[in-house]
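Trainee: final.txt is reproduced below (compact mmCIF, C-alpha atoms).
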```txt
# COMPACT_ATOMS: atom_id res chain seq x y z
CA MET A 20 114.53 127.11 97.16
CA ARG A 21 114.84 123.44 97.98
CA GLN A 22 113.92 122.26 101.45
CA SER A 23 117.39 120.80 101.86
CA ASP A 24 118.83 124.32 101.48
CA LEU A 25 116.85 125.71 104.41
CA PHE A 26 118.76 126.38 107.62
CA THR A 27 115.57 125.65 109.56
CA ARG A 28 114.54 122.17 110.61
CA THR A 29 111.27 120.52 111.45
CA SER A 30 110.70 119.01 114.87
CA LYS A 31 108.60 116.13 116.16
CA THR A 32 108.18 117.77 119.54
CA ALA A 33 106.58 121.05 120.52
CA PRO A 34 108.46 123.80 122.38
CA ALA A 35 108.21 123.09 126.10
CA ASP A 36 106.77 126.51 126.95
CA GLU A 37 104.24 126.69 124.08
CA VAL A 38 100.55 126.04 124.78
CA SER A 39 98.85 127.42 121.65
CA LYS A 40 98.05 124.90 118.94
CA ASN A 41 98.75 127.30 116.07
CA ALA A 42 102.19 128.21 117.41
CA ILE A 43 103.02 124.59 118.22
CA LEU A 44 102.30 123.47 114.66
CA LEU A 45 104.08 126.43 113.06
CA SER A 46 107.12 126.00 115.31
CA ARG A 47 107.37 122.28 114.61
CA ALA A 48 107.10 122.93 110.86
CA GLY A 49 109.84 125.56 110.98
CA PHE A 50 107.64 128.53 110.04
CA VAL A 51 108.09 130.64 113.18
CA HIS A 52 110.43 130.87 116.15
CA LYS A 53 109.36 132.04 119.59
CA GLU A 54 111.65 134.70 121.03
CA MET A 55 109.67 135.22 124.24
CA ALA A 56 106.06 135.14 125.39
CA GLY A 57 103.96 136.88 122.76
CA VAL A 58 106.89 137.58 120.43
CA TYR A 59 107.61 135.47 117.34
CA CYS A 60 109.93 135.84 114.38
CA PHE A 61 109.07 134.51 110.94
CA LEU A 62 111.50 132.01 109.44
CA PRO A 63 111.99 131.61 105.66
CA LEU A 64 108.92 129.42 105.04
CA GLY A 65 106.77 131.51 107.35
CA LEU A 66 107.91 134.76 105.77
CA ARG A 67 107.26 133.47 102.25
CA THR A 68 103.75 132.49 103.30
CA LEU A 69 103.19 135.84 105.00
CA ASN A 70 104.39 137.76 101.94
CA LYS A 71 102.09 135.79 99.65
CA VAL A 72 99.07 136.49 101.84
CA MET A 73 100.03 140.17 102.05
CA GLN A 74 100.27 140.36 98.26
CA VAL A 75 96.76 138.93 97.86
CA ILE A 76 95.45 141.50 100.33
CA ARG A 77 97.39 144.29 98.60
CA GLU A 78 95.91 143.43 95.21
CA GLU A 79 92.35 143.41 96.52
CA MET A 80 92.80 146.65 98.47
CA ASN A 81 94.24 148.35 95.39
CA ALA A 82 91.31 147.07 93.34
CA VAL A 83 88.83 149.02 95.49
CA GLY A 84 90.90 152.20 95.39
CA GLY A 85 93.13 151.69 98.41
CA GLN A 86 96.47 153.50 98.58
CA GLU A 87 99.26 151.86 100.56
CA VAL A 88 101.12 153.87 103.19
CA SER A 89 103.54 153.08 105.99
CA LEU A 90 102.96 155.10 109.16
CA THR A 91 105.50 155.43 111.93
CA THR A 92 105.86 153.11 114.88
CA LEU A 93 106.93 155.92 117.24
CA GLN A 94 103.85 157.84 118.34
CA ASP A 95 103.53 161.48 119.42
CA LYS A 96 102.26 161.71 123.00
CA SER A 97 100.54 165.07 122.42
CA LEU A 98 98.49 163.70 119.53
CA TRP A 99 97.04 160.88 121.61
CA GLU A 100 96.42 163.17 124.56
CA LYS A 101 94.05 165.19 122.37
CA THR A 102 91.77 162.16 122.03
CA ASP A 103 92.28 161.05 125.64
CA ARG A 104 93.86 157.76 124.61
CA TRP A 105 97.35 158.23 126.03
CA SER A 106 96.89 157.50 129.73
CA ASP A 107 97.20 153.91 130.90
CA GLU A 108 93.83 154.29 132.60
CA LYS A 109 92.21 154.77 129.19
CA VAL A 110 94.38 152.45 127.09
CA ASP A 111 96.33 149.82 129.00
CA VAL A 112 98.32 148.27 126.14
CA TRP A 113 100.81 151.07 125.47
CA PHE A 114 104.55 150.43 125.34
CA LYS A 115 106.03 153.80 126.31
CA THR A 116 109.60 155.06 126.34
CA GLU A 117 111.60 158.29 126.34
CA LEU A 118 113.94 159.81 123.78
CA LYS A 119 117.35 161.02 124.97
CA ASN A 120 115.99 164.56 125.21
CA GLY A 121 113.29 163.40 127.62
CA THR A 122 110.41 163.44 125.14
CA GLU A 123 107.93 160.68 125.93
CA VAL A 124 106.78 158.56 122.99
CA GLY A 125 104.83 155.37 122.52
CA LEU A 126 105.05 152.38 120.22
CA GLY A 127 101.98 152.31 118.00
CA TRP A 128 99.23 149.88 118.97
CA SER A 129 96.83 151.45 116.45
CA HIS A 130 96.92 154.37 114.00
CA GLU A 131 93.56 156.13 113.98
CA GLU A 132 94.98 159.36 115.39
CA PRO A 133 98.03 159.72 113.12
CA ILE A 134 96.15 158.78 109.94
CA THR A 135 93.43 161.32 110.74
CA ARG A 136 96.01 164.06 111.30
CA LEU A 137 97.76 163.08 108.08
CA MET A 138 94.53 163.38 106.09
CA GLN A 139 93.77 166.76 107.65
CA GLN A 140 97.13 167.98 106.40
CA GLN A 141 96.97 166.36 102.95
CA ILE A 142 93.35 166.63 101.79
CA SER A 143 92.46 170.10 100.54
CA SER A 144 89.22 169.60 98.60
CA TYR A 145 86.01 167.59 98.87
CA ARG A 146 86.85 166.36 95.38
CA ASP A 147 89.64 164.29 96.92
CA PHE A 148 87.12 162.03 98.64
CA PRO A 149 86.70 159.16 99.12
CA VAL A 150 90.19 158.31 100.32
CA LEU A 151 91.19 154.80 101.37
CA ALA A 152 94.62 154.37 102.96
CA TYR A 153 95.93 151.03 104.17
CA GLN A 154 99.15 149.61 105.52
CA PHE A 155 100.95 146.52 106.75
CA GLN A 156 102.64 147.74 109.89
CA THR A 157 104.18 146.33 113.04
CA LYS A 158 102.04 147.02 116.09
CA PHE A 159 102.99 146.69 119.74
CA ARG A 160 100.51 145.87 122.51
CA ASN A 161 101.47 145.32 126.13
CA GLU A 162 99.09 142.40 126.61
CA THR A 163 98.84 141.03 130.14
CA ARG A 164 98.43 137.51 128.77
CA ALA A 165 99.86 136.35 125.47
CA LYS A 166 99.06 132.66 125.30
CA SER A 167 97.23 132.46 121.96
CA GLY A 168 100.29 131.86 119.80
CA ILE A 169 100.53 134.14 116.79
CA MET A 170 96.84 135.06 117.08
CA ARG A 171 97.35 137.48 119.98
CA THR A 172 100.87 138.72 120.50
CA ARG A 173 102.74 141.69 121.90
CA GLU A 174 104.42 142.44 118.56
CA PHE A 175 102.62 141.68 115.31
CA ILE A 176 101.97 142.83 111.77
CA MET A 177 98.53 144.34 111.28
CA LYS A 178 96.89 145.24 108.03
CA ASP A 179 94.69 148.24 108.73
CA LEU A 180 92.65 150.37 106.35
CA TYR A 181 91.18 153.81 107.03
CA SER A 182 88.56 155.45 104.82
CA PHE A 183 87.41 159.07 104.61
CA SER A 184 84.22 160.02 102.78
CA ARG A 185 82.04 163.04 102.05
CA THR A 186 78.73 161.59 103.17
CA LYS A 187 77.29 158.68 105.11
CA GLU A 188 76.00 157.25 101.85
CA GLU A 189 79.43 157.40 100.26
CA HIS A 190 80.94 155.83 103.36
CA ALA A 191 78.41 153.00 103.20
CA ASP A 192 79.37 152.33 99.57
CA VAL A 193 83.06 152.26 100.48
CA TYR A 194 82.35 149.95 103.40
CA ALA A 195 80.46 147.55 101.15
CA SER A 196 83.26 147.47 98.57
CA VAL A 197 85.88 146.76 101.24
CA ARG A 198 83.69 144.06 102.78
CA ASN A 199 83.44 142.36 99.40
CA ALA A 200 87.19 142.70 98.97
CA TYR A 201 87.75 140.79 102.20
CA ILE A 202 85.39 138.06 101.05
CA GLU A 203 87.46 137.78 97.87
CA ILE A 204 90.67 137.68 99.90
CA PHE A 205 89.38 134.76 101.95
CA ARG A 206 88.34 132.98 98.76
CA ARG A 207 91.77 133.44 97.18
CA VAL A 208 93.66 132.11 100.18
CA GLY A 209 91.43 129.06 100.41
CA LEU A 210 89.13 130.09 103.26
CA GLY A 211 86.14 131.20 101.23
CA ASP A 212 83.97 128.18 101.98
CA VAL A 213 84.48 128.34 105.74
CA THR A 214 84.61 132.10 106.39
CA TYR A 215 81.52 134.26 106.72
CA PRO A 216 80.67 137.75 107.96
CA ALA A 217 78.90 138.00 111.31
CA PHE A 218 77.73 140.74 113.62
CA ALA A 219 80.12 141.65 116.40
CA SER A 220 78.85 140.77 119.85
CA GLY A 221 78.91 143.24 122.71
CA GLY A 222 80.36 146.72 122.95
CA HIS A 223 79.00 150.10 121.91
CA LEU A 224 80.05 149.55 118.27
CA ALA A 225 78.44 146.13 117.91
CA SER A 226 75.66 147.44 115.67
CA ILE A 227 78.07 148.65 112.99
CA LEU A 228 80.98 146.24 113.31
CA ARG A 229 81.35 143.02 111.36
CA ASN A 230 83.56 140.08 112.18
CA PHE A 231 84.66 137.41 109.77
CA LYS A 232 84.42 134.02 111.42
CA ARG A 233 85.69 130.61 110.48
```
Written as structure tokens, that's how I'd like the structure from this file.

Mentor:
Amino acid sequence: MRQSDLFTRTSKTAPADEVSKNAILLSRAGFVHKEMAGVYCFLPLGLRTLNKVMQVIREEMNAVGGQEVSLTTLQDKSLWEKTDRWSDEKVDVWFKTELKNGTEVGLGWSHEEPITRLMQQQISSYRDFPVLAYQFQTKFRNETRAKSGIMRTREFIMKDLYSFSRTKEEHADVYASVRNAYIEIFRRVGLGDVTYPAFASGGHLASILRNFKR
């Protein structure tokens, strides 16, 4: 597609209500459009870029044995109550609504609970392990502040991967292979020289979490 065929236009000025540098640049270049605070739509150039990045990720996840799924946005209240992550006192980012029959549901902000239930229903033998399931899925988080452009929004596409293993040793091997896959992803998209793994700081999971920093 030629640039002259695009319905979008570039702009010399930033949106008046935008404070984030990444969103300012992407808006001026015609890659995204801000619908409201924390909510952006991808325009043709932005969507093409997003799809290319997603394809790189997909190829590397498949290479380490990942299987792509697409879980539901609507979340079962009873499932999240079992893990005590439904109440707003425990998780304060839920968007909740009701169906016409009065059933309360939420819009998925994460998918640990549903993917675990899915695996319980689908895996029947230890021979099935390890299992790696990943997805590109729209998440919704009721953030109090959403002033970081497309880096922290109320509606966004997340790529998440969940692994299930027989032993700690097998899990460690899977973890290492996925870590290396991410390093390869950053290399392929041109961030390899400026991205590096680092220990997460703070929190009860800091000892086992890794961040990739630029």

Trainee: Name all residues at most 9 Å from range 96-102 of chain A (count only C-alpha atoms; drop same-chain ones fewer than 6 positions away) and give them as a CSV table (one decimal) with C-alpha atoms, in the frame of the given file.

Mentor:
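Result saved to result-v1.csv:
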```csv
chain,number,residue,atom,x,y,z
A,122,THR,CA,110.4,163.4,125.1
A,123,GLU,CA,107.9,160.7,125.9
A,124,VAL,CA,106.8,158.6,123.0
A,125,GLY,CA,104.8,155.4,122.5
A,132,GLU,CA,95.0,159.4,115.4
A,133,PRO,CA,98.0,159.7,113.1
A,136,ARG,CA,96.0,164.1,111.3
```

Trainee: What is the distance between CA of Val213 in chain A and CA of Asn41 in chain A, in Å to one decimal?

Mentor: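 CA of Asn41 in chain A lies at a distance of 17.6 Å from CA of Val213 in chain A.
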
Trainee: So that each row is one residue of range 25-93 of chain A with an atom at most 12 Å from range 169-186 of chain A, can you give its shortest atom pair and the distance in Å to one decimal, using all atoms listed in the file, rows by chain and rising number, as a tab-separated table?

Mentor:
```
residue	atom	partner	partner_atom	distance
A:Glu37	CA	A:Ile169	CA	11.1
A:Val38	CA	A:Ile169	CA	11.4
A:Ser39	CA	A:Ile169	CA	8.5
A:Lys40	CA	A:Ile169	CA	9.8
A:Asn41	CA	A:Ile169	CA	7.1
A:Ala42	CA	A:Ile169	CA	6.2
A:Ile43	CA	A:Ile169	CA	10.0
A:Leu44	CA	A:Ile169	CA	11.0
A:Leu45	CA	A:Ile169	CA	9.3
A:Ser46	CA	A:Ile169	CA	10.6
A:Phe50	CA	A:Ile169	CA	11.3
A:Val51	CA	A:Ile169	CA	9.1
A:His52	CA	A:Ile169	CA	10.4
A:Lys53	CA	A:Ile169	CA	9.5
A:Glu54	CA	A:Glu174	CA	10.9
A:Met55	CA	A:Arg173	CA	9.8
A:Ala56	CA	A:Thr172	CA	8.0
A:Gly57	CA	A:Thr172	CA	4.2
A:Val58	CA	A:Glu174	CA	5.8
A:Tyr59	CA	A:Ile169	CA	7.2
A:Cys60	CA	A:Phe175	CA	9.4
A:Phe61	CA	A:Ile169	CA	10.4
A:Gly65	CA	A:Ile169	CA	11.6
A:Leu66	CA	A:Ile176	CA	11.7
A:Leu69	CA	A:Ile176	CA	9.8
A:Asn70	CA	A:Ile176	CA	11.3
A:Val72	CA	A:Lys178	CA	10.9
A:Met73	CA	A:Lys178	CA	8.4
A:Gln74	CA	A:Lys178	CA	11.4
A:Val75	CA	A:Lys178	CA	12.0
A:Ile76	CA	A:Lys178	CA	8.7
A:Arg77	CA	A:Lys178	CA	9.5
A:Met80	CA	A:Leu180	CA	8.7
A:Asn81	CA	A:Leu180	CA	11.3
A:Val83	CA	A:Ser182	CA	11.3
A:Gly84	CA	A:Ser182	CA	10.2
A:Gly85	CA	A:Leu180	CA	8.1
A:Gln86	CA	A:Leu180	CA	9.2
A:Glu87	CA	A:Leu180	CA	8.9
A:Val88	CA	A:Leu180	CA	9.7
A:Ser89	CA	A:Asp179	CA	10.5
A:Leu90	CA	A:Asp179	CA	10.8
A:Thr92	CA	A:Glu174	CA	11.4
```

Trainee: May I have the residues within 12 Å of Phe26 in chain A as a PDB file with C-alpha atoms, keeping the file's coordinate frame, using all atoms listed in the file and disregarding those fewer than 5 positions away in the same chain?

Mentor:
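Heads up, here's the output in selection22.pdb:
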```pdb
ATOM      1  CA  MET A  20     114.530 127.110  97.160  1.00  0.00           C
ATOM      2  CA  ARG A  21     114.840 123.440  97.980  1.00  0.00           C
ATOM      3  CA  GLY A  49     109.840 125.560 110.980  1.00  0.00           C
ATOM      4  CA  PHE A  50     107.640 128.530 110.040  1.00  0.00           C
ATOM      5  CA  LEU A  62     111.500 132.010 109.440  1.00  0.00           C
ATOM      6  CA  PRO A  63     111.990 131.610 105.660  1.00  0.00           C
ATOM      7  CA  LEU A  64     108.920 129.420 105.040  1.00  0.00           C
TER       8      LEU A  64
END
```
